[in-house]
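**Student:** Sharing a structure below in structure tokens format, with a few things to ask.
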Amino acid sequence: MGLEQILAGHPNLWRGRSASAAAPRGVATGYPALDTRLCWGGWPPASLTEVLTERPEGALGLILPALSPLSQGPRWLLLVDPPLPPFAPALAARGLDLSRVVVVRTGGATAWAAEQGLRSRACSAVVIWGGETHWRGVTLRRLQLAAQRGDALALLFRGEAAACDPSPAALRLQVRQAAEGWEIRILKQRGAASAGAIRVPRLDAGLGSGPGFETARHV
Amino acid sequence: MHWLAIHLPALPLEVYPGSLTSPLPLAVGQDPGGGRILLCNAAAQGRGIRPALAAGAALALAADLRILPRRPEAERAALERLAAWCAGFTPQVSLAPPQALVLDVAASLHLFGGARALLARVQAGVAGLGYACTCCLAPTPGAASLLAEQGLDGIIASREALRSALAALPVTALGFDRRGHDELSAMGLRQMADLLRLPRSGLAQRLGPGLIARLRRLLGEEPDPRPSFVPPASYRGKLDLPAEVPEAPALVFACRRLVEELCGYLLGRQAGVQRLEWRLGHAERPDTVFPLGMSTPSRDPGGWLDLLRERLGQLALPAPVRSLALAAGEIRPLPPGPRDLFPERAAARTPDPSLLDRLRSRLGEEAVRGVQVLPDHRPERAWRWCLPGEVGTGSGRLDRPLWLLPEPEPLEVHGQRPWYGGTLDLGTERERIETGWWDGCEVARDYFVATTPGGQRLWIYRERHGRRGWFLHGLFG
């Protein structure tokens with residue numbers, strides 16, 4: 001009988017770094033390569049996740065597969081201060097129920113709107129693009145608590161420079177654009193070790209570089 | 001015990017905002033000439049002034065006493081607003097002017113969990129609206145209001161108890177004129193007990209048949225019909241503030257009174273409102289007016305107050321506020337209680353709109369939107385902003401970018417090739433969209449999924465006619 005088998009027979013035994021057994025089940029990201037590296041097996045539920053990236057519009061595709069099943073539920077999906085209007089046909093094609101999507105333009109009150117959405121229990125997920133907002137530790141802590149209270153997924157896009165600042169987020173990822181996908185570095189995950197870089201391919205990889213065809217539409 | 005009387009002993013002073021708690025001695029005179037004191041505040045009582053004191057004597061006790069004239073219209077208006085609020089307890093509310101209301105609560109006792117619970121609820125509610133009150137529940141409306149007027153707070157359960165409660169009152173409680181008083185005292189009648197003991201026929205000869213009829217109504221031997229108060233078709237409330245309020249958030253407390261009043265009125269009418277109009281009165285400036293809206297009709301005071309708090313938090317006042325006014329918008333029917341046999345399941349089907357109301361009240365109507373898909377090939381017309389929850393008629397397309405620029409952005413061209421931080425790789429696919437000649441918004445474009453040297457994917461197009469320029473139209477995520 002190997003050591004692993006013995007340990008597996010004692011689920012109550014705390015095993016330091018691999019807190020995965022104790023962590024609550026997360027919201028599947030839709031990218032198996034990423035899920036296996038996260039101790040929740042997905043986005044941490046009812047917590048704040050920070051995505052540090054220089055191109056916040058480029059990482060929407062990364063979180064979209066998780067949002068689609070959430071949008072089938074009875075709660076809103078709040079997009080706070082997106083950098084551009086999200087293109088409805090593309091969202092619908094990726095399985096998002098648009099009747100649950102609410103886009104909020106706050107004119108500076110990003111943190112307030114995000115907190116309202118998170119704590120209301122009326123949102124399954126709140127995606128926050130702060131733009132130039134300077135996020136203070138207190139504000140992030142409030143978002144984290146609101147996410148807990150409202151049982152909502154909080155996803156916050158920030159610049160990479162924030163990697164040096166401490167944060168109460170349950171999960172922090174650094175996301176960089178790579179060929180056909182993203183290069184993701186887990187900076188922090190609560191209750192487990194951070195890991196090295198992972199390459200995650202886009203789900204729609206191949207679009208725009210597949211076999212050539214031409215669609216013509218004349219009316 | 002069917003009748004609940006609400007007597008407002010301090011109403012003549014309460015129509016002067018802040019007068020009850022004012023540190024200055026204030027009193028209200030009994031008649032326009034101010035011959036006798038009707039009612040005075042705590043500061044005046046501290047100086048030895050009592051009701052029924054002559055005005056001259058009162059001024060001798062406290063030279064700085066202000067004797068205010070009675071405001072019958074304001075009292076009547078306050079009484080009517082309170083009657084509208086009471087409609088939440090029973091449809092049968094009658095005014096018993098000048099200072100009381102009588103409610104037929106026979107049918108409401110069970111709903112509110114018994115007489116004691118109902119009484120406690122009414123008392124707490126009236127106090128919450130800012131009135132002092134004595135409430136008495138008795139078998140007849142006349143007795144209930146008489147006992148409440150005499151300061152008796154409580155429940156008279158039976159006819160026998162009613163008789164003994166009435167017997168303990170002085171005969172003056174019946175409010176005879178001067179001649180009647182003299183006659184009663186000449187007969188040696190001091191307590192109501194003395195009056196009730198005497199044979200009725202003799203009393204009728206001496207004091208007139210009116211007294212006997214009154215006694216019979218008090219004791220429930222004769223019916224005592226009361227006209228039912230008809231609430232106004234819409235709600236308008238006004239409140240003068242005791243002191244000027246310079247800060248908007250500090251107004252929430254005062255606004256609560258109006259909101260409670262409104263919601264009681266709505267409950268009585270089994271209705272809700274979607275829009276409210278608030279009007280803040282200033283001394284020498286036009287009023288500050290702002291609306292408040294909800295996406296579904298509501299009569300929940302907590303919900304309206306939450307919205308109001310957000311709105312007031314954002315409001316910059318041009319001047320201190322002296323008065324508040326609230327007008328309800330269109331009143332819509334809203335049946336009481338849960339409409340679904342399983343309310344949790346109804347809630348589980350549709351998302352909660354109150355969050356959106358809260359966001360709108362601070363950020364504005366335009367800031368909270370949904371998106372929908374429309375059946376059109378032109379990207380600009382394939383979607384639009386809509387109210388959250390609205391469903392479009394189009395279908396999604398997987399080969400579309402996640403973000404669409406509000407306006408196509410012209411691209412630089414370097415050596416015949418479009419350029420965006422580097423020469424773009426156009427891939428091998430091309431999509432031609434050429435449509436819309438009939439509605440004046442014709443497009444004729446060839447779309448490409450282009451890749452920048454850094455790996456970013458763009459949705460760009462080239463015009464098919466005219467200058468054949470290159471444009472950036474969308475970003476893939």
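Ordering of the structure tokens sets the chain letters (A, B, ...); residue numbers start at 1 within each chain; ligands are numbered from 1 in the order shown.
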Select from segment 100-164 of chain B everything DSSP, run on the backbone, classes as alpha helix (DSSP H), then give the selection as a VMD selection string.

**Tutor:** chain B and resid 115 to 128 141 to 149 159 to 164

**Student:** Write out as a list in words which residues come within 10 Å of Leu95 of chain B when counting only C-alpha atoms, dropping same-chain ones fewer than 5 positions away.

**Tutor:** Ala5, Ile6, Arg76, Leu79, Glu80, Leu82, Ala83, Ala100, Leu101, Val102, Leu103, Arg226, Pro227, Ser228 and Phe229 of chain B

**Student:** Residues at most 10 Å from Tyr461 of chain B, counting only C-alpha atoms, excluding those fewer than 5 positions away in the same chain, as a ChimeraX atom specification?

**Tutor:** /B:408,410-411,418,430-433,444-450,468-474

**Student:** I need the residue nearest Leu405 of chain B from this list: B:Leu61, B:Arg200, B:Leu458, B:Cys263. Use only C-alpha atoms for the distance.

**Tutor:**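 Nearest to Leu405 of chain B: B:Leu458.
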
**Student:** Up to 7 Å from chain A, what residues of chain B turn up? Count only C-alpha atoms and give them as a ChimeraX atom specification.

**Tutor:** /B:348-352,355,359,363,367-373,382-383,388-391,395-398,400-405,427-435,449,455,476-477

**Student:** May I have the residues within 9 Å of segment 44-46 of chain B as number ranges by chain, using only C-alpha atoms and disregarding those fewer than 3 positions away in the same chain?

**Tutor:** B: 23-27, 40-41, 49-50, 62, 65

**Student:** Quote the spacing between atom CA of Thr393 of chain B and atom CA of Asp376 of chain B in Å to one decimal place.

**Tutor:** 9.9 Å

**Student:** Quick check, in Å to one decimal: how far apart do atom CA of Gly392 of chain B and atom CA of Asp439 of chain B lie?

**Tutor:**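 Value for the atom CA of Gly392 of chain B-atom CA of Asp439 of chain B distance: 20.4 Å.
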
**Student:** Can you list, as a list of chain:residue names, every protein, DNA or RNA residue that comes within 9 Å of Pro333 of chain B when you count only C-alpha atoms, leaving out same-chain residues fewer than 3 positions away?

**Tutor:**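 Near neighbours after the sequence-gap exclusion: B:Arg269, B:Gln270, B:Ala271, B:Gly272, B:Val273, B:Pro297.
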
**Student:** Output C-alpha atoms of each residue in that selection to a file, as an mmCIF file, in the first residue's frame.

**Tutor:**
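Result saved to again06.cif:
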```cif
data_model
loop_
_atom_site.group_PDB
_atom_site.id
_atom_site.type_symbol
_atom_site.label_atom_id
_atom_site.label_comp_id
_atom_site.auth_asym_id
_atom_site.auth_seq_id
_atom_site.Cartn_x
_atom_site.Cartn_y
_atom_site.Cartn_z
ATOM 1 C CA ARG B 269 -55.887 50.493 -2.028
ATOM 2 C CA GLN B 270 -54.138 47.205 -2.849
ATOM 3 C CA ALA B 271 -51.983 49.159 -5.222
ATOM 4 C CA GLY B 272 -48.377 50.028 -5.919
ATOM 5 C CA VAL B 273 -46.519 52.797 -7.699
ATOM 6 C CA PRO B 297 -44.982 48.624 -8.964
#
```

**Student:** Could you list, as a list in words, every residue within 10 Å of Arg217 of chain B, counting only C-alpha atoms and ignoring same-chain residues fewer than 6 positions away?

**Tutor:**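 The residues that qualify are Thr140, Pro141, Gly142, Ala143, Leu211, Pro223, Asp224 and Pro225 of chain B.
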
**Student:** So what do you get for atom CA of Val126 of chain A versus atom CA of Leu48 of chain A, distance-wise?

**Tutor:**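 Answer for the atom CA of Val126 of chain A to atom CA of Leu48 of chain A separation: 9.6 Å.
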
**Student:** Could you give me, as a list of chain:residue names, the residues within 9 Å of Leu173 of chain A, counting only C-alpha atoms and dropping anything in the same chain fewer than 6 positions from it?

**Tutor:**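 Skipping anything fewer than 6 positions along the chain leaves A:Thr49, A:Glu50, A:Val51, A:Leu52, A:Thr53, A:Ala163, A:Ile184, A:Arg185, A:Ile186, A:Leu187, A:Lys188, A:Gln189.
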